[in-house]
$ cat entry_17.cif   # mmCIF, C-alpha atoms
data_data
#
loop_
_atom_site.group_PDB
_atom_site.id
_atom_site.type_symbol
_atom_site.label_atom_id
_atom_site.label_comp_id
_atom_site.auth_asym_id
_atom_site.auth_seq_id
_atom_site.Cartn_x
_atom_site.Cartn_y
_atom_site.Cartn_z
ATOM 1 C CA MET O 1 -23.603 5.277 10.274
ATOM 2 C CA LYS O 2 -20.516 7.447 10.693
ATOM 3 C CA LEU O 3 -17.206 5.606 10.325
ATOM 4 C CA LYS O 4 -13.650 6.823 10.722
ATOM 5 C CA VAL O 5 -10.724 5.514 8.662
ATOM 6 C CA LEU O 6 -9.634 2.907 11.228
ATOM 7 C CA GLU O 7 -13.179 1.581 11.494
ATOM 8 C CA ARG O 8 -13.431 1.307 7.714
ATOM 9 C CA LEU O 9 -10.126 -0.584 7.585
ATOM 10 C CA VAL O 10 -11.310 -2.933 10.326
ATOM 11 C CA VAL O 11 -14.496 -3.634 8.356
ATOM 12 C CA PHE O 12 -12.444 -4.445 5.255
ATOM 13 C CA GLY O 13 -10.457 -6.903 7.367
ATOM 14 C CA VAL O 14 -13.498 -8.914 8.467
ATOM 15 C CA LEU O 15 -15.075 -9.266 5.026
ATOM 16 C CA PRO O 16 -14.735 -12.661 3.333
ATOM 17 C CA ALA O 17 -11.896 -13.088 0.841
ATOM 18 C CA GLN O 18 -13.902 -15.608 -1.210
ATOM 19 C CA ALA O 19 -17.601 -15.859 -1.924
ATOM 20 C CA ASN O 20 -20.224 -16.961 -4.411
ATOM 21 C CA PHE O 21 -21.076 -14.620 -7.271
ATOM 22 C CA ASP O 22 -24.046 -12.873 -5.619
ATOM 23 C CA THR O 23 -22.087 -12.288 -2.415
ATOM 24 C CA TRP O 24 -19.127 -11.073 -4.456
ATOM 25 C CA LYS O 25 -21.359 -8.418 -6.057
ATOM 26 C CA THR O 26 -22.426 -7.242 -2.593
ATOM 27 C CA LEU O 27 -18.791 -7.209 -1.428
ATOM 28 C CA LYS O 28 -17.762 -5.155 -4.448
ATOM 29 C CA ALA O 29 -20.534 -2.611 -3.825
ATOM 30 C CA LEU O 30 -19.668 -2.426 -0.123
ATOM 31 C CA LYS O 31 -15.975 -1.911 -0.823
ATOM 32 C CA ASN O 32 -16.787 0.788 -3.392
ATOM 33 C CA VAL O 33 -18.824 2.635 -0.773
ATOM 34 C CA LEU O 34 -16.266 2.327 2.054
ATOM 35 C CA THR O 35 -13.053 2.916 0.068
ATOM 36 C CA LEU O 36 -11.412 6.260 0.754
ATOM 37 C CA THR O 37 -11.770 8.773 -2.056
ATOM 38 C CA GLU O 38 -8.744 10.562 -3.451
ATOM 39 C CA GLU O 39 -10.014 13.758 -1.794
ATOM 40 C CA GLU O 40 -10.185 12.013 1.595
ATOM 41 C CA LYS O 41 -6.703 10.574 1.159
ATOM 42 C CA LYS O 42 -5.299 13.995 0.374
ATOM 43 C CA ALA O 43 -7.152 15.747 3.220
ATOM 44 C CA LEU O 44 -6.041 13.114 5.744
ATOM 45 C CA ASN O 45 -2.477 12.821 4.402
ATOM 46 C CA PHE O 46 -3.192 9.105 3.911
ATOM 47 C CA GLN O 47 0.023 7.186 3.199
ATOM 48 C CA VAL O 48 0.773 3.546 2.408
ATOM 49 C CA SER O 49 4.361 2.373 2.804
ATOM 50 C CA PRO O 50 6.037 1.121 -0.393
ATOM 51 C CA ASP O 51 5.834 -2.485 0.824
ATOM 52 C CA GLY O 52 2.167 -2.016 1.776
ATOM 53 C CA GLY O 53 2.866 -3.051 5.347
ATOM 54 C CA ARG O 54 2.096 0.260 7.034
ATOM 55 C CA ILE O 55 -0.734 2.741 6.606
ATOM 56 C CA THR O 56 -0.746 6.177 8.225
ATOM 57 C CA TRP O 57 -3.055 9.194 8.202
ATOM 58 C CA ASP O 58 -3.689 12.337 10.239
ATOM 59 C CA ASP O 59 -6.183 11.017 12.801
ATOM 60 C CA LYS O 60 -6.864 14.528 14.117
ATOM 61 C CA LYS O 61 -8.400 15.448 10.754
ATOM 62 C CA ASP O 62 -10.494 12.271 10.591
ATOM 63 C CA VAL O 63 -14.007 13.353 11.539
ATOM 64 C CA GLY O 64 -15.545 10.286 9.913
ATOM 65 C CA GLN O 65 -17.860 9.868 6.968
ATOM 66 C CA GLU O 66 -21.536 8.981 6.958
ATOM 67 C CA PHE O 67 -22.463 5.699 5.228
ATOM 68 C CA VAL O 68 -25.650 3.825 4.440
ATOM 69 C CA ILE O 69 -24.912 0.112 4.357
ATOM 70 C CA SER O 70 -27.320 -2.209 2.559
ATOM 71 C CA GLY O 71 -28.986 -5.110 4.346
ATOM 72 C CA GLU O 72 -26.834 -7.707 2.596
ATOM 73 C CA GLY O 73 -23.667 -5.654 3.184
ATOM 74 C CA LEU O 74 -24.545 -5.289 6.852
ATOM 75 C CA ARG O 75 -25.104 -9.044 7.100
ATOM 76 C CA LEU O 76 -21.657 -9.725 5.594
ATOM 77 C CA ILE O 77 -19.997 -7.354 8.070
ATOM 78 C CA GLN O 78 -21.857 -8.830 11.040
ATOM 79 C CA ASP O 79 -21.082 -12.384 9.882
ATOM 80 C CA GLY O 80 -17.387 -11.516 9.620
ATOM 81 C CA PHE O 81 -17.297 -10.187 13.168
ATOM 82 C CA ARG O 82 -19.385 -13.110 14.441
ATOM 83 C CA LYS O 83 -16.950 -15.602 12.881
ATOM 84 C CA LEU O 84 -13.960 -13.981 14.578
ATOM 85 C CA ASP O 85 -15.874 -13.792 17.847
ATOM 86 C CA THR O 86 -16.828 -17.485 17.868
ATOM 87 C CA GLN O 87 -13.185 -18.359 17.124
ATOM 88 C CA SER O 88 -12.020 -16.057 19.962
ATOM 89 C CA GLN O 89 -9.839 -14.154 17.491
ATOM 90 C CA LEU O 90 -11.113 -10.577 17.910
ATOM 91 C CA THR O 91 -8.532 -7.839 18.374
ATOM 92 C CA SER O 92 -9.394 -4.825 20.526
ATOM 93 C CA GLU O 93 -9.955 -2.657 17.421
ATOM 94 C CA GLN O 94 -12.241 -5.293 15.916
ATOM 95 C CA ALA O 95 -14.196 -5.671 19.159
ATOM 96 C CA ASP O 96 -14.756 -1.907 19.328
ATOM 97 C CA VAL O 97 -16.074 -1.790 15.761
ATOM 98 C CA MET O 98 -18.080 -4.999 16.228
ATOM 99 C CA GLU O 99 -19.897 -3.328 19.115
ATOM 100 C CA ARG O 100 -21.100 -0.605 16.744
ATOM 101 C CA PHE O 101 -22.429 -3.128 14.204
ATOM 102 C CA LYS O 102 -23.654 -5.850 16.532
ATOM 103 C CA ASN O 103 -27.263 -4.778 17.044
ATOM 104 C CA LEU O 104 -27.855 -2.834 13.838
ATOM 105 C CA LYS O 105 -30.815 -3.850 11.725
ATOM 106 C CA ALA O 106 -30.789 -3.566 7.966
ATOM 107 C CA GLU O 107 -32.722 -0.620 6.555
ATOM 108 C CA VAL O 108 -35.498 -1.700 4.238
#
$ encode --input "entry_17.cif" --output "structure tokens"
Amino acid sequence: MKLKVLERLVVFGVLPAQANFDTWKTLKALKNVLTLTEEEKKALNFQVSPDGGRITWDDKKDVGQEFVISGEGLRLIQDGFRKLDTQSQLTSEQADVMERFKNLKAEV
């Protein structure tokens, strides 16, 4: 699946902040896969404000990156979106990304 920076940030935002140990291991692996590399940050002029409240990058240079997401990682992402959806708390960005993940099946 190809994801752009905004989509990756949205995914990070729907992942659980707390979990049991096995889920935590999956979260750690998922975050390691989706985190921007230093090369990506440099190429996209990725910037975080000193207070951490604002993130910017050159969207025109963001062609997306291809990712393979494990079955358990996919389940965590889908569960995060599903939780927001059932609580009627989806933002437009989240709804757009949720649509991409909604019907995906885990690769075996």
$ resolve_selection --input "entry_17.cif" --expression "the PyMOL selection byres ((chain O and resi 21-29) around 10)" --output "list in words"
Phe12, Leu15, Pro16, Ala17, Gln18, Ala19, Asn20, Leu30, Lys31, Asn32, Val33, Leu34, Ile69, Ser70, Gly71, Glu72, Gly73, Leu74, Leu76 and Ile77 of chain O
$ atom_distance --input "entry_17.cif" --atom1 "CA of Phe81 in chain O" --atom2 "CA of Ala43 in chain O"
29.6 Å
$ atom_distance --input "entry_17.cif" --atom1 "CA of Lys42 in chain O" --atom2 "CA of Trp57 in chain O"
9.5 Å
$ resolve_selection --input "entry_17.cif" --expression "the PyMOL selection byres ((chain O and resi 102) around 10)" --output "list in words"
Leu74, Ile77, Gln78, Asp79, Phe81, Arg82, Ala95, Val97, Met98, Glu99, Arg100, Phe101, Asn103, Leu104 and Lys105 of chain O
$ closest_residue --input "entry_17.cif" --among "O:Asp85, O:Glu39, O:Glu93, O:Glu7" --to "Asp59 in chain O" --atoms "all atoms listed in the file"
O:Glu7
$ atom_distance --input "entry_17.cif" --atom1 "CA of Val14 in chain O" --atom2 "CA of Val68 in chain O"
18.1 Å
$ resolve_selection --input "entry_17.cif" --expression "the PyMOL selection byres ((chain O and resi 64) around 10)" --output "compact mmCIF listing (two decimals) with C-alpha atoms, in the coordinates of the input"
# COMPACT_ATOMS: atom_id res chain seq x y z
CA MET O 1 -23.60 5.28 10.27
CA LYS O 2 -20.52 7.45 10.69
CA LEU O 3 -17.21 5.61 10.32
CA LYS O 4 -13.65 6.82 10.72
CA VAL O 5 -10.72 5.51 8.66
CA LEU O 6 -9.63 2.91 11.23
CA GLU O 7 -13.18 1.58 11.49
CA ARG O 8 -13.43 1.31 7.71
CA ASP O 59 -6.18 11.02 12.80
CA LYS O 61 -8.40 15.45 10.75
CA ASP O 62 -10.49 12.27 10.59
CA VAL O 63 -14.01 13.35 11.54
CA GLN O 65 -17.86 9.87 6.97
CA GLU O 66 -21.54 8.98 6.96
CA PHE O 67 -22.46 5.70 5.23
$ closest_residue --input "entry_17.cif" --among "O:Asp96, O:Ser49, O:Gly80, O:Gln87" --to "Gly13 in chain O" --atoms "all atoms listed in the file"
O:Gly80
